[in-house]
Amino acid sequence: MLAPLQHALDELSEFDASTYSGNVSLVIDPYVLDEQADSLTKACSDAFPKAILTFDTWHSGAIEGLKSGDYHYCITDQDIVLPQAIFQEKLYQESAVIIARDNHPILSAPFDLSDIQKLPIVSIPAPDGHKSTVNIEGLFRNTDIEPNIVLQTHNLRVAASYLCNSNAIMFGSPSSAMHYEGISTFSVSKVNVNLPHFDIYGGFNQTKRNNPLTQHIHSVIQEHSETRIFRFNNE
C-alpha cells in the first residue's frame, strides 16, 4: 500500500527544478547523444542546476530501467520499438541525406544513382541489434553491384573521420554532420530514392505521466528539440 500512496504524494507535491538536488537520468540513442550532446547537457544543466545528471546510451536493459525508475526519460529513434508501458511523443523529424567530405569529387558535380552505387559506404547500424529502417541494400536492388561497405561503426566521430579522409559516403540525418568540420550533406532527391525520415521520440514510464519531475524533464527536452540549428544542409 505504501508505493501507491507515495506515488500519489509525488504527483501532488510542489516541484522546483532550480533547487532539485536528486538524480536526473536519461537513456539516449547513441547517435542522438553524439549529435546533441552539447546542447542537451546545457539544456538539462540549466534547467536542473543542482541535480546530478546521468546520460547513458541505449542498451539491452534500458526498457527495464525505464520501468523500474532507474531512468526518468529516454530519447530514441524509429528503429527502437518500445512497449506500451512506455509513453512516447515525437520530438522532431529529419530527412535522410547523403553525408560526405567537402568538395567531394562526385557529389560536388551533377550525379545520379549509378554514381552513388559506385562509391564506398560507411554504415552506422541501429543500436543494440535493432533493425535499421535505412535499407542501404535497397539502393542496389535490380543491379549486379554489391554495396561496398568499408566501415561499420556506432560512433559518429569515427564515421566523420573516415568520411573526411576518403570518397566514402554515409546515409544519415543533417544532425549527423553538424558538429564535424570537413563534411557536408547532399540531398537524396538528386538520386530519386525513397529513404525514410528519421523520427526522434521522447519517452517515459506511463505511470509517471503526472509526476512533476517527469513533466519538467519532458518540457525541457521538447524545448531543446524545437531550438536545434543545423549548420549543414546542402541541397
# chains A, B, ... in the order shown; residues from 1 in each chain; ligands from 1

call {"tool": "residues_around", "arguments": {"residues": "range 56-62 of chain A", "least_positions_apart": "5", "cutoff": "12 Å", "atoms": "only C-alpha atoms", "output": "count of residues only"}}
result
39

call {"tool": "residues_around", "arguments": {"residues": "Asp38 in chain A", "least_positions_apart": "5", "cutoff": "12 Å", "atoms": "only C-alpha atoms", "output": "NGL selection string"}}
result
:A and (32-33 or 43-45 or 178-179 or 224 or 228)

call {"tool": "write_last_selection", "arguments": {"atoms": "N, CA, C and O atoms", "output": "compact mmCIF listing (two decimals), in the first residue's frame"}}
result
# COMPACT_ATOMS: atom_id res chain seq x y z
N VAL A 32 21.90 10.04 -31.41
CA VAL A 32 21.30 11.29 -30.95
C VAL A 32 22.18 11.93 -29.88
O VAL A 32 22.37 13.15 -29.86
N LEU A 33 22.74 11.11 -28.99
CA LEU A 33 23.61 11.66 -27.95
C LEU A 33 24.87 12.26 -28.56
O LEU A 33 25.31 13.34 -28.15
N ALA A 43 21.08 22.27 -21.86
CA ALA A 43 19.66 22.44 -21.56
C ALA A 43 19.31 21.82 -20.21
O ALA A 43 18.59 22.43 -19.40
N CYS A 44 19.83 20.62 -19.94
CA CYS A 44 19.50 19.94 -18.68
C CYS A 44 20.20 20.57 -17.49
O CYS A 44 19.61 20.70 -16.40
N SER A 45 21.45 20.97 -17.66
CA SER A 45 22.16 21.60 -16.54
C SER A 45 21.58 22.97 -16.21
O SER A 45 21.54 23.37 -15.05
N MET A 178 26.47 17.90 -38.31
CA MET A 178 26.51 19.30 -37.90
C MET A 178 27.70 19.67 -37.01
O MET A 178 28.09 20.84 -36.95
N HIS A 179 28.29 18.71 -36.31
CA HIS A 179 29.37 19.05 -35.38
C HIS A 179 30.76 18.72 -35.91
O HIS A 179 31.74 18.85 -35.18
N HIS A 224 14.27 22.01 -26.05
CA HIS A 224 15.58 21.82 -26.69
C HIS A 224 15.42 21.38 -28.13
O HIS A 224 16.11 21.87 -29.03
N ARG A 228 16.86 23.41 -32.13
CA ARG A 228 18.06 22.88 -32.78
C ARG A 228 18.35 23.67 -34.06
O ARG A 228 17.44 24.07 -34.78

call {"tool": "residues_around", "arguments": {"residues": "Phe186 in chain A", "least_positions_apart": "4", "cutoff": "12 Å", "atoms": "only C-alpha atoms", "output": "ChimeraX atom specification"}}
result
/A:95-104,106-112,116,169-174,177,190-191,232-235

call {"tool": "write_last_selection", "arguments": {"atoms": "C-alpha atoms", "output": "mmCIF file, in the first residue's frame"}}
result
data_model
loop_
_atom_site.group_PDB
_atom_site.id
_atom_site.type_symbol
_atom_site.label_atom_id
_atom_site.label_comp_id
_atom_site.auth_asym_id
_atom_site.auth_seq_id
_atom_site.Cartn_x
_atom_site.Cartn_y
_atom_site.Cartn_z
ATOM 1 C CA SER A 95 15.013 13.852 -43.754
ATOM 2 C CA ALA A 96 17.684 11.373 -44.783
ATOM 3 C CA VAL A 97 20.675 12.920 -46.559
ATOM 4 C CA ILE A 98 23.941 11.777 -48.082
ATOM 5 C CA ILE A 99 26.940 12.751 -45.960
ATOM 6 C CA ALA A 100 30.408 13.041 -47.475
ATOM 7 C CA ARG A 101 33.540 15.161 -47.368
ATOM 8 C CA ASP A 102 33.550 18.759 -48.516
ATOM 9 C CA ASN A 103 34.233 19.215 -52.224
ATOM 10 C CA HIS A 104 33.539 15.553 -52.895
ATOM 11 C CA ILE A 106 31.396 13.059 -57.403
ATOM 12 C CA LEU A 107 28.788 14.773 -55.249
ATOM 13 C CA SER A 108 30.032 18.293 -55.931
ATOM 14 C CA ALA A 109 29.063 17.832 -59.592
ATOM 15 C CA PRO A 110 25.753 16.631 -61.051
ATOM 16 C CA PHE A 111 25.325 12.978 -60.039
ATOM 17 C CA ASP A 112 22.765 10.192 -60.272
ATOM 18 C CA ILE A 116 26.257 6.662 -55.804
ATOM 19 C CA ILE A 169 29.556 8.336 -48.291
ATOM 20 C CA MET A 170 27.132 7.765 -45.434
ATOM 21 C CA PHE A 171 23.348 7.959 -45.234
ATOM 22 C CA GLY A 172 22.178 9.840 -42.175
ATOM 23 C CA SER A 173 20.463 12.965 -40.911
ATOM 24 C CA PRO A 174 21.641 16.595 -41.067
ATOM 25 C CA ALA A 177 27.079 16.104 -39.836
ATOM 26 C CA LYS A 190 19.057 14.007 -56.678
ATOM 27 C CA VAL A 191 19.233 10.203 -56.928
ATOM 28 C CA PHE A 232 24.961 21.969 -42.932
ATOM 29 C CA ASN A 233 22.177 21.358 -45.407
ATOM 30 C CA ASN A 234 23.445 21.408 -48.965
ATOM 31 C CA GLU A 235 20.609 20.800 -51.409
#

call {"tool": "select_by_dssp", "arguments": {"residues": "range 7-232 of chain A", "states": "strand (DSSP E)", "output": "MDAnalysis selection string"}}
result
chainID A and resid 23:28 52:57 73:77 86:94 97:101 121:123 149:152 169:172 183:187 198:205

call {"tool": "closest_residue", "arguments": {"among": "A:Ser18, A:Asn23, A:Ala85, A:Glu146", "to": "Ala47 in chain A", "atoms": "only C-alpha atoms"}}
result
A:Ser18

call {"tool": "select_by_dssp", "arguments": {"residues": "range 47-198 of chain A", "states": "helix (DSSP H, G or I)", "output": "number ranges by chain"}}
result
A: 47, 62-68, 113-117, 127-129, 136-140, 156-164, 174-177, 188-191

call {"tool": "write_last_selection", "arguments": {"atoms": "C-alpha atoms", "output": "compact mmCIF listing (two decimals), in the first residue's frame"}}
result
# COMPACT_ATOMS: atom_id res chain seq x y z
CA ALA A 47 17.08 23.51 -16.08
CA ALA A 62 17.17 0.25 -20.99
CA ILE A 63 13.48 -0.69 -21.17
CA GLU A 64 13.60 -2.41 -17.78
CA GLY A 65 15.45 0.62 -16.44
CA LEU A 66 12.61 2.88 -17.58
CA LYS A 67 10.04 0.59 -15.99
CA SER A 68 11.92 0.32 -12.69
CA LEU A 113 22.07 6.84 -58.63
CA SER A 114 24.63 5.00 -60.74
CA ASP A 115 27.33 7.34 -59.40
CA ILE A 116 26.26 6.66 -55.80
CA GLN A 117 26.28 2.91 -56.33
CA PRO A 127 21.82 0.37 -31.73
CA ASP A 128 21.61 -2.80 -29.67
CA GLY A 129 20.86 -5.12 -32.58
CA ILE A 136 21.27 0.51 -47.98
CA GLU A 137 20.82 -2.74 -49.88
CA GLY A 138 17.67 -1.29 -51.44
CA LEU A 139 19.81 1.14 -53.43
CA PHE A 140 21.36 -1.82 -55.22
CA LEU A 156 29.75 9.29 -35.38
CA ARG A 157 33.19 10.77 -34.73
CA VAL A 158 34.82 7.68 -36.20
CA ALA A 159 32.44 7.83 -39.18
CA ALA A 160 33.11 11.54 -39.76
CA SER A 161 36.86 10.99 -39.61
CA TYR A 162 36.68 8.26 -42.23
CA LEU A 163 34.47 10.37 -44.49
CA CYS A 164 36.83 13.34 -44.25
CA PRO A 174 21.64 16.60 -41.07
CA SER A 175 22.35 16.36 -37.33
CA SER A 176 24.87 13.59 -38.01
CA ALA A 177 27.08 16.10 -39.84
CA VAL A 188 18.94 12.23 -51.75
CA SER A 189 16.32 13.77 -54.06
CA LYS A 190 19.06 14.01 -56.68
CA VAL A 191 19.23 10.20 -56.93

call {"tool": "closest_residue", "arguments": {"among": "A:Asp46, A:Ile52, A:Leu91, A:Gln206", "to": "Glu223 in chain A", "atoms": "only C-alpha atoms"}}
result
A:Leu91

call {"tool": "atom_distance", "arguments": {"atom1": "CA of Thr41 in chain A", "atom2": "CA of Ser187 in chain A"}}
result
29.8 Å

call {"tool": "decode", "arguments": {"residues": "range 53-73 of chain A", "atoms": "N, CA, C and O atoms", "output": "mmCIF file, in the first residue's frame"}}
result
data_model
loop_
_atom_site.group_PDB
_atom_site.id
_atom_site.type_symbol
_atom_site.label_atom_id
_atom_site.label_comp_id
_atom_site.auth_asym_id
_atom_site.auth_seq_id
_atom_site.Cartn_x
_atom_site.Cartn_y
_atom_site.Cartn_z
ATOM 1 N N LEU A 53 23.223 14.804 -13.132
ATOM 2 C CA LEU A 53 22.766 14.350 -14.440
ATOM 3 C C LEU A 53 23.429 13.026 -14.808
ATOM 4 O O LEU A 53 24.637 12.865 -14.651
ATOM 5 N N THR A 54 22.630 12.090 -15.313
ATOM 6 C CA THR A 54 23.150 10.820 -15.808
ATOM 7 C C THR A 54 22.656 10.625 -17.226
ATOM 8 O O THR A 54 21.450 10.565 -17.464
ATOM 9 N N PHE A 55 23.583 10.538 -18.182
ATOM 10 C CA PHE A 55 23.253 10.279 -19.587
ATOM 11 C C PHE A 55 23.886 8.944 -19.974
ATOM 12 O O PHE A 55 25.101 8.836 -20.042
ATOM 13 N N ASP A 56 23.063 7.936 -20.238
ATOM 14 C CA ASP A 56 23.550 6.641 -20.707
ATOM 15 C C ASP A 56 23.125 6.431 -22.151
ATOM 16 O O ASP A 56 22.079 6.938 -22.582
ATOM 17 N N THR A 57 23.911 5.679 -22.907
ATOM 18 C CA THR A 57 23.496 5.300 -24.256
ATOM 19 C C THR A 57 22.587 4.077 -24.187
ATOM 20 O O THR A 57 22.660 3.276 -23.259
ATOM 21 N N TRP A 58 21.727 3.961 -25.192
ATOM 22 C CA TRP A 58 20.735 2.878 -25.218
ATOM 23 C C TRP A 58 21.413 1.517 -25.158
ATOM 24 O O TRP A 58 22.430 1.277 -25.822
ATOM 25 N N HIS A 59 20.843 0.601 -24.355
ATOM 26 C CA HIS A 59 21.419 -0.738 -24.196
ATOM 27 C C HIS A 59 20.300 -1.728 -23.941
ATOM 28 O O HIS A 59 19.116 -1.354 -23.829
ATOM 29 N N SER A 60 20.642 -2.998 -23.821
ATOM 30 C CA SER A 60 19.634 -4.061 -23.745
ATOM 31 C C SER A 60 18.759 -3.970 -22.495
ATOM 32 O O SER A 60 17.639 -4.479 -22.481
ATOM 33 N N GLY A 61 19.252 -3.346 -21.441
ATOM 34 C CA GLY A 61 18.464 -3.239 -20.209
ATOM 35 C C GLY A 61 17.749 -1.914 -20.051
ATOM 36 O O GLY A 61 17.174 -1.647 -18.986
ATOM 37 N N ALA A 62 17.731 -1.094 -21.111
ATOM 38 C CA ALA A 62 17.173 0.250 -20.993
ATOM 39 C C ALA A 62 15.671 0.239 -20.708
ATOM 40 O O ALA A 62 15.179 1.036 -19.901
ATOM 41 N N ILE A 63 14.931 -0.645 -21.374
ATOM 42 C CA ILE A 63 13.481 -0.686 -21.168
ATOM 43 C C ILE A 63 13.157 -1.042 -19.721
ATOM 44 O O ILE A 63 12.301 -0.404 -19.083
ATOM 45 N N GLU A 64 13.826 -2.053 -19.174
ATOM 46 C CA GLU A 64 13.596 -2.414 -17.778
ATOM 47 C C GLU A 64 13.999 -1.275 -16.856
ATOM 48 O O GLU A 64 13.368 -1.051 -15.813
ATOM 49 N N GLY A 65 15.040 -0.534 -17.242
ATOM 50 C CA GLY A 65 15.453 0.617 -16.442
ATOM 51 C C GLY A 65 14.401 1.714 -16.410
ATOM 52 O O GLY A 65 14.186 2.370 -15.386
ATOM 53 N N LEU A 66 13.703 1.908 -17.534
ATOM 54 C CA LEU A 66 12.614 2.883 -17.585
ATOM 55 C C LEU A 66 11.431 2.417 -16.737
ATOM 56 O O LEU A 66 10.788 3.213 -16.048
ATOM 57 N N LYS A 67 11.152 1.127 -16.772
ATOM 58 C CA LYS A 67 10.036 0.585 -15.988
ATOM 59 C C LYS A 67 10.320 0.653 -14.487
ATOM 60 O O LYS A 67 9.419 0.925 -13.685
ATOM 61 N N SER A 68 11.572 0.384 -14.113
ATOM 62 C CA SER A 68 11.918 0.323 -12.694
ATOM 63 C C SER A 68 12.162 1.700 -12.080
ATOM 64 O O SER A 68 12.166 1.839 -10.856
ATOM 65 N N GLY A 69 12.374 2.695 -12.924
ATOM 66 C CA GLY A 69 12.665 4.027 -12.415
ATOM 67 C C GLY A 69 14.144 4.369 -12.391
ATOM 68 O O GLY A 69 14.528 5.460 -11.952
ATOM 69 N N ASP A 70 14.997 3.440 -12.844
ATOM 70 C CA ASP A 70 16.425 3.761 -12.930
ATOM 71 C C ASP A 70 16.652 4.902 -13.906
ATOM 72 O O ASP A 70 17.605 5.676 -13.750
ATOM 73 N N TYR A 71 15.797 4.980 -14.947
ATOM 74 C CA TYR A 71 15.847 6.092 -15.903
ATOM 75 C C TYR A 71 14.533 6.858 -15.856
ATOM 76 O O TYR A 71 13.450 6.261 -15.856
ATOM 77 N N HIS A 72 14.643 8.170 -15.834
ATOM 78 C CA HIS A 72 13.448 9.007 -15.849
ATOM 79 C C HIS A 72 12.914 9.202 -17.272
ATOM 80 O O HIS A 72 11.705 9.405 -17.451
ATOM 81 N N TYR A 73 13.807 9.127 -18.266
ATOM 82 C CA TYR A 73 13.419 9.579 -19.608
ATOM 83 C C TYR A 73 14.300 8.898 -20.639
ATOM 84 O O TYR A 73 15.458 8.534 -20.366
#
